[in-house]
Amino acid sequence: MATVWRSQCAFARLLIGKIAQNPNNSPDLCTKLFQGPISVTSRNYSNYANSPFIERIKEQYEYDIIKNPPEWAYVERLLPFDTIPVVTPKENYPSGWIPPREEAVHLPYFVSRTKNHELPIYLNITYRGMRKITKIKKIEGDIWLLNDTLKAHLKETAGKYVETRVHELGKFIEVKGDYVNVIRNWAHSKGF
Amino acid sequence: MGSRQITEKSLSILRSLPRISVGNIRDNPGSKVTQKRGRGQHGGDKHGAGNKGSGQRQNYMRLGYETGNNPFYLRMPQEPYYRGHHHRREYPPLSLLQLQSLIDTDRIDVSLPVDLASIIKSGLYNFYPEQKQFGINLTDEGADIFAAKINIEVQWASEQVIAAVERNGGVITTAYYDPHSLFLLKNPKHFFKTGAAIPRRMIPPPDVIEYYTSAETRGYLADPEKISQERLKLSQKYGYELPQVENDSFYEMLCERKDPRQIFYGLEPGWVVNLKDKCILKPTDKELLRFYSS
């Protein structure tokens with residue numbers, strides 16, 4: 001029969017829930033360790049300051065506690081954004097970013113911007129670069145009308161028939177080939 | 001208990017239960033059967049491991065081992081310039097074009113001095129101090145279109161970048177941060193929540209002391225007078241008229257710099273920031289003051 005490795009205070013270890021307190025996992029050590037009251041609160045050893053090698057120094061230093069200090073503005077500017085900031089209208093955008101225009105709302109179809117204020121037009125490259133598919137996402141309204149106008153525009157600019165695939169439920173259109181820049185320019189011209 | 005009671009009871013339970021969602025449904029019991037490895041004469045075949053060799057015995061060889069051949073990775077003569085590459089400091093790039101688009105989409109407030117913390121705060125720049133990354137290398141892509149007047153502090157910058165920033169009336173400083181301070185700059189809120197005192201910034205290691213003390217690279221330890229001379233020199237080299245910082249409406253913002261021991265703008269080492277009570281604890285103990293000022 002196998003011997004059962006159990007100490008007198010078998011439940012103490014369960015209560016603590018940390019084997020790290022009893023490094024050798026031995027029953028004798030266990031009994032010696034828990035002479036005092038058993039603390040149930042867990043300790044976070046993930047940082048060195050909380051590790052058992054560090055003892056808290058009880059020495060108290062003198063501090064000035066300043067409520068609503070003038071330096072609080074410096075703290076606030078370090079704190080992260082609650083939400084992604086809304087872009088304030090500017091005279092020009094040197095980086096080439098173009099804001100969406102009001103008139104686009106009146107079209108029978110609409111392509112909304114992503115949360116980062118960019119156009120949802122992506123290039124998916126598969127089969128080791130053999131297949132390139134341009135994907136336009138977040139299409140609302142008449143997706144079939146958008147498909148027709150986009151197809152006509154692509155035939156005009158590319159000079160050849162361009163295959164597309166419409167996913168009505170998923171609100172996206174896939175265009176066969178790399179037409180990201182063409183479609184981006186087209187979307188900007190429409191005001192999306 | 002009759003069936004009516006059961007129905008009413010289950011309806012009342014349903015009313016108090018949360019709505020069915022992906023989080024609280026599961027498959028019908030017995031609908032999924034886990035495939036087990038077959039045994040014996042009819043089921044016990046190869047189980048996808050193939051016949052003979054490494055595949056069957058599943059003793060996969062170490063990466064690059066070619067069963068006794070001179071391995072590919074050892075076949076070339078050595079490349080000594082890669083020696084110790086995993087110990088070197090890394091400065092991940094951020095181009096001026098990227099910086100301009102962050103400014104255009106209001107991710108960075110130009111009316112305040114820009115440092116590593118505000119660029120990381122934008123949420124569009126990944127930065128990992130644990131991977132030996134020591135800060136931003138501002139690169140010159142988009143130097144021609146860059147049109148923002150900023151007071152920026154980066155960790156590495158080329159001459160073209162310095163010229164592009166100063167041409168628009170801005171100010172650029174290169175500053176060193178030790179890894180501990182970089183962690184604080186990456187997530188200041190997380191650090192303030194720990195309730196620890198803001199530490200001192202360490203001085204740069206010997207091999208970059210020269211970079212951070214020279215005025216040509218706008219080092220944070222350089223002499224300010226020499227820097228203003230170098231600003232003029234660079235404007236003559238690249239052929240632009242240097243805008244006067246003194247006459248600028250943002251003069252105070254453009255002149256704001258950190259102390260070599262300071263990690264955050266406006267917050268001194270030794271202070272404890274309490275986010276909950278909105279108060280700052282400043283040490284008055286002489287011993288502490290001496291420690292944090294040294």
# chains A, B, ... in the order shown; residues from 1 in each chain; ligands from 1

call {"tool": "closest_atom_pairs", "arguments": {"of": "chain B", "to": "chain A", "cutoff": "9 Å", "atoms": "only C-alpha atoms", "output": "JSON lines"}}
result
{"residue": "B:Leu97", "atom": "CA", "partner": "A:Ser95", "partner_atom": "CA", "distance": 6.2}
{"residue": "B:Gln98", "atom": "CA", "partner": "A:Ser95", "partner_atom": "CA", "distance": 7.8}
{"residue": "B:Leu99", "atom": "CA", "partner": "A:Ser95", "partner_atom": "CA", "distance": 8.7}
{"residue": "B:Gln100", "atom": "CA", "partner": "A:Ser95", "partner_atom": "CA", "distance": 5.6}
{"residue": "B:Ser101", "atom": "CA", "partner": "A:Ser95", "partner_atom": "CA", "distance": 5.0}
{"residue": "B:Leu102", "atom": "CA", "partner": "A:Ser95", "partner_atom": "CA", "distance": 8.7}
{"residue": "B:Ile103", "atom": "CA", "partner": "A:Ser95", "partner_atom": "CA", "distance": 8.8}
{"residue": "B:Asp104", "atom": "CA", "partner": "A:Tyr93", "partner_atom": "CA", "distance": 5.9}
{"residue": "B:Thr105", "atom": "CA", "partner": "A:Val87", "partner_atom": "CA", "distance": 5.2}
{"residue": "B:Asp106", "atom": "CA", "partner": "A:Val87", "partner_atom": "CA", "distance": 5.7}
{"residue": "B:Arg107", "atom": "CA", "partner": "A:Pro85", "partner_atom": "CA", "distance": 6.7}
{"residue": "B:Leu112", "atom": "CA", "partner": "A:Arg77", "partner_atom": "CA", "distance": 9.0}
{"residue": "B:Ala117", "atom": "CA", "partner": "A:Leu78", "partner_atom": "CA", "distance": 6.8}
{"residue": "B:Ser118", "atom": "CA", "partner": "A:Leu78", "partner_atom": "CA", "distance": 6.9}
{"residue": "B:Lys121", "atom": "CA", "partner": "A:Pro80", "partner_atom": "CA", "distance": 5.8}
{"residue": "B:Ser122", "atom": "CA", "partner": "A:Phe81", "partner_atom": "CA", "distance": 8.0}
{"residue": "B:Gly123", "atom": "CA", "partner": "A:Pro80", "partner_atom": "CA", "distance": 8.7}
{"residue": "B:Gly142", "atom": "CA", "partner": "A:Ser95", "partner_atom": "CA", "distance": 8.3}
{"residue": "B:Ile145", "atom": "CA", "partner": "A:Pro94", "partner_atom": "CA", "distance": 6.0}
{"residue": "B:Phe146", "atom": "CA", "partner": "A:Pro94", "partner_atom": "CA", "distance": 6.8}
{"residue": "B:Ala147", "atom": "CA", "partner": "A:Pro94", "partner_atom": "CA", "distance": 6.7}
{"residue": "B:Ala148", "atom": "CA", "partner": "A:Pro94", "partner_atom": "CA", "distance": 8.9}
{"residue": "B:Leu185", "atom": "CA", "partner": "A:Leu78", "partner_atom": "CA", "distance": 8.5}
{"residue": "B:Asn187", "atom": "CA", "partner": "A:Leu79", "partner_atom": "CA", "distance": 8.4}
{"residue": "B:Pro188", "atom": "CA", "partner": "A:Leu78", "partner_atom": "CA", "distance": 6.4}
{"residue": "B:Lys189", "atom": "CA", "partner": "A:Leu79", "partner_atom": "CA", "distance": 5.8}
{"residue": "B:Phe264", "atom": "CA", "partner": "A:Tyr74", "partner_atom": "CA", "distance": 8.0}
{"residue": "B:Tyr265", "atom": "CA", "partner": "A:Tyr74", "partner_atom": "CA", "distance": 6.4}
{"residue": "B:Gly266", "atom": "CA", "partner": "A:Tyr74", "partner_atom": "CA", "distance": 5.8}
{"residue": "B:Leu267", "atom": "CA", "partner": "A:Tyr74", "partner_atom": "CA", "distance": 7.1}
{"residue": "B:Val273", "atom": "CA", "partner": "A:Val75", "partner_atom": "CA", "distance": 8.1}
{"residue": "B:Leu275", "atom": "CA", "partner": "A:Val75", "partner_atom": "CA", "distance": 8.7}
{"residue": "B:Asp277", "atom": "CA", "partner": "A:Lys67", "partner_atom": "CA", "distance": 7.7}
{"residue": "B:Lys278", "atom": "CA", "partner": "A:Asn68", "partner_atom": "CA", "distance": 6.1}
{"residue": "B:Cys279", "atom": "CA", "partner": "A:Lys67", "partner_atom": "CA", "distance": 4.4}
{"residue": "B:Ile280", "atom": "CA", "partner": "A:Ile66", "partner_atom": "CA", "distance": 5.4}
{"residue": "B:Leu281", "atom": "CA", "partner": "A:Ile65", "partner_atom": "CA", "distance": 4.6}
{"residue": "B:Lys282", "atom": "CA", "partner": "A:Asp64", "partner_atom": "CA", "distance": 5.0}
{"residue": "B:Pro283", "atom": "CA", "partner": "A:Tyr63", "partner_atom": "CA", "distance": 4.2}
{"residue": "B:Thr284", "atom": "CA", "partner": "A:Tyr63", "partner_atom": "CA", "distance": 5.4}
{"residue": "B:Asp285", "atom": "CA", "partner": "A:Glu62", "partner_atom": "CA", "distance": 5.2}
{"residue": "B:Lys286", "atom": "CA", "partner": "A:Glu62", "partner_atom": "CA", "distance": 9.0}
{"residue": "B:Glu287", "atom": "CA", "partner": "A:Tyr61", "partner_atom": "CA", "distance": 8.9}
{"residue": "B:Leu288", "atom": "CA", "partner": "A:Tyr61", "partner_atom": "CA", "distance": 7.9}

call {"tool": "residues_around", "arguments": {"residues": "A:Asp142", "least_positions_apart": "2", "cutoff": "8 Å", "atoms": "only C-alpha atoms", "output": "list in words"}}
result
Pro108, Tyr109, Glu140, Trp144, Leu145 and Leu146 of chain A

call {"tool": "select_by_dssp", "arguments": {"residues": "stretch 22-245 of chain B", "states": "helix (DSSP H, G or I)", "output": "MDAnalysis selection string"}}
result
chainID B and resid 22:24 40:43 53:57 72:75 80:82 85:87 96:104 116:121 129:131 159:167 179:186 188:194 206:213 224:238

call {"tool": "atom_distance", "arguments": {"atom1": "atom CA of B:Thr139", "atom2": "atom CA of B:Tyr240"}}
result
19.7 Å

call {"tool": "atom_distance", "arguments": {"atom1": "atom CA of B:Arg39", "atom2": "atom CA of B:Ser54"}}
result
21.5 Å

call {"tool": "residues_around", "arguments": {"residues": "stretch 242-248 of chain B", "least_positions_apart": "6", "cutoff": "12 Å", "atoms": "only C-alpha atoms", "output": "list of chain:residue names"}}
result
B:Lys149, B:Ile150, B:Asn151, B:Ala163, B:Ala164, B:Val165, B:Glu166, B:Arg167, B:Asn168, B:Gly169, B:Gly170, B:Val171, B:Ser228, B:Gln229, B:Glu230, B:Arg231, B:Leu232, B:Lys233, B:Leu234, B:Ser235, B:Gln236, B:Leu254, B:Cys255

call {"tool": "atom_distance", "arguments": {"atom1": "atom CA of B:Ile136", "atom2": "atom CA of B:Tyr251"}}
result
24.9 Å

call {"tool": "select_by_dssp", "arguments": {"residues": "stretch 146-268 of chain B", "states": "strand (DSSP E or B)", "output": "VMD selection string"}}
result
chain B and resid 151 to 154 156 to 157 171 to 174 219 264 267

call {"tool": "write_last_selection", "arguments": {"atoms": "N, CA and C atoms", "output": "PDB file, in the first residue's frame"}}
result
ATOM      1  N   ASN B 151       6.892  69.942 -29.380  1.00  0.00           N
ATOM      2  CA  ASN B 151       8.022  69.740 -28.483  1.00  0.00           C
ATOM      3  C   ASN B 151       8.053  68.248 -28.208  1.00  0.00           C
ATOM      4  N   ILE B 152       8.936  67.543 -28.904  1.00  0.00           N
ATOM      5  CA  ILE B 152       8.915  66.076 -28.816  1.00  0.00           C
ATOM      6  C   ILE B 152      10.198  65.557 -28.196  1.00  0.00           C
ATOM      7  N   GLU B 153      10.028  64.491 -27.400  1.00  0.00           N
ATOM      8  CA  GLU B 153      11.175  63.826 -26.788  1.00  0.00           C
ATOM      9  C   GLU B 153      11.165  62.378 -27.240  1.00  0.00           C
ATOM     10  N   VAL B 154      12.198  61.986 -27.997  1.00  0.00           N
ATOM     11  CA  VAL B 154      12.305  60.592 -28.439  1.00  0.00           C
ATOM     12  C   VAL B 154      13.631  60.041 -27.936  1.00  0.00           C
ATOM     13  N   TRP B 156      15.796  58.188 -30.042  1.00  0.00           N
ATOM     14  CA  TRP B 156      16.772  58.149 -31.124  1.00  0.00           C
ATOM     15  C   TRP B 156      16.218  58.937 -32.298  1.00  0.00           C
ATOM     16  N   ALA B 157      17.052  59.741 -32.932  1.00  0.00           N
ATOM     17  CA  ALA B 157      16.586  60.516 -34.090  1.00  0.00           C
ATOM     18  C   ALA B 157      17.759  60.791 -35.015  1.00  0.00           C
ATOM     19  N   VAL B 171      10.665  71.635 -31.390  1.00  0.00           N
ATOM     20  CA  VAL B 171      11.856  71.323 -30.608  1.00  0.00           C
ATOM     21  C   VAL B 171      11.927  69.822 -30.441  1.00  0.00           C
ATOM     22  N   ILE B 172      13.112  69.251 -30.603  1.00  0.00           N
ATOM     23  CA  ILE B 172      13.260  67.811 -30.423  1.00  0.00           C
ATOM     24  C   ILE B 172      14.400  67.542 -29.443  1.00  0.00           C
ATOM     25  N   THR B 173      14.193  66.566 -28.568  1.00  0.00           N
ATOM     26  CA  THR B 173      15.208  66.158 -27.592  1.00  0.00           C
ATOM     27  C   THR B 173      15.340  64.646 -27.671  1.00  0.00           C
ATOM     28  N   THR B 174      16.554  64.155 -27.566  1.00  0.00           N
ATOM     29  CA  THR B 174      16.718  62.708 -27.424  1.00  0.00           C
ATOM     30  C   THR B 174      17.073  62.427 -25.974  1.00  0.00           C
ATOM     31  N   GLY B 219      20.901  65.797 -27.529  1.00  0.00           N
ATOM     32  CA  GLY B 219      20.849  64.981 -26.320  1.00  0.00           C
ATOM     33  C   GLY B 219      20.336  65.767 -25.126  1.00  0.00           C
ATOM     34  N   PHE B 264       8.247  61.516 -15.537  1.00  0.00           N
ATOM     35  CA  PHE B 264       7.030  62.130 -16.068  1.00  0.00           C
ATOM     36  C   PHE B 264       7.176  63.641 -16.036  1.00  0.00           C
ATOM     37  N   LEU B 267       6.086  65.805 -12.636  1.00  0.00           N
ATOM     38  CA  LEU B 267       6.045  64.990 -11.416  1.00  0.00           C
ATOM     39  C   LEU B 267       7.475  64.616 -11.041  1.00  0.00           C
TER      40      LEU B 267
END

call {"tool": "closest_residue", "arguments": {"among": "B:Ile263, B:Met253, B:Ile13, B:Leu63", "to": "B:Ser181", "atoms": "only C-alpha atoms"}}
result
B:Ile263

call {"tool": "residues_around", "arguments": {"residues": "A:Glu168", "least_positions_apart": "2", "cutoff": "9 Å", "atoms": "only C-alpha atoms", "output": "list in words"}}
result
Ile139, Ile143, Trp144, Val166, Gly170, Lys171, Phe172 and Ile173 of chain A

call {"tool": "write_last_selection", "arguments": {"atoms": "C-alpha atoms", "output": "short mmCIF file (atom, residue, chain, number, x, y, z; two decimals), in the first residue's frame"}}
result
data_model
loop_
_atom_site.label_atom_id
_atom_site.label_comp_id
_atom_site.auth_asym_id
_atom_site.auth_seq_id
_atom_site.Cartn_x
_atom_site.Cartn_y
_atom_site.Cartn_z
CA ILE A 139 -21.54 48.40 -45.97
CA ILE A 143 -25.30 46.75 -51.07
CA TRP A 144 -26.30 45.53 -54.58
CA VAL A 166 -21.44 40.24 -52.35
CA GLY A 170 -22.10 39.94 -43.62
CA LYS A 171 -22.34 43.46 -45.11
CA PHE A 172 -19.17 43.10 -47.18
CA ILE A 173 -18.07 42.89 -50.79
#

call {"tool": "residues_around", "arguments": {"residues": "A:Glu174", "least_positions_apart": "6", "cutoff": "9 Å", "atoms": "only C-alpha atoms", "output": "PyMOL selection string"}}
result
chain A and resi 133-137+163-167

call {"tool": "residues_around", "arguments": {"residues": "A:Asn181", "least_positions_apart": "2", "cutoff": "12 Å", "atoms": "only C-alpha atoms", "output": "VMD selection string"}}
result
chain A and resid 119 121 to 123 134 to 136 154 157 to 158 177 to 179 183 to 188
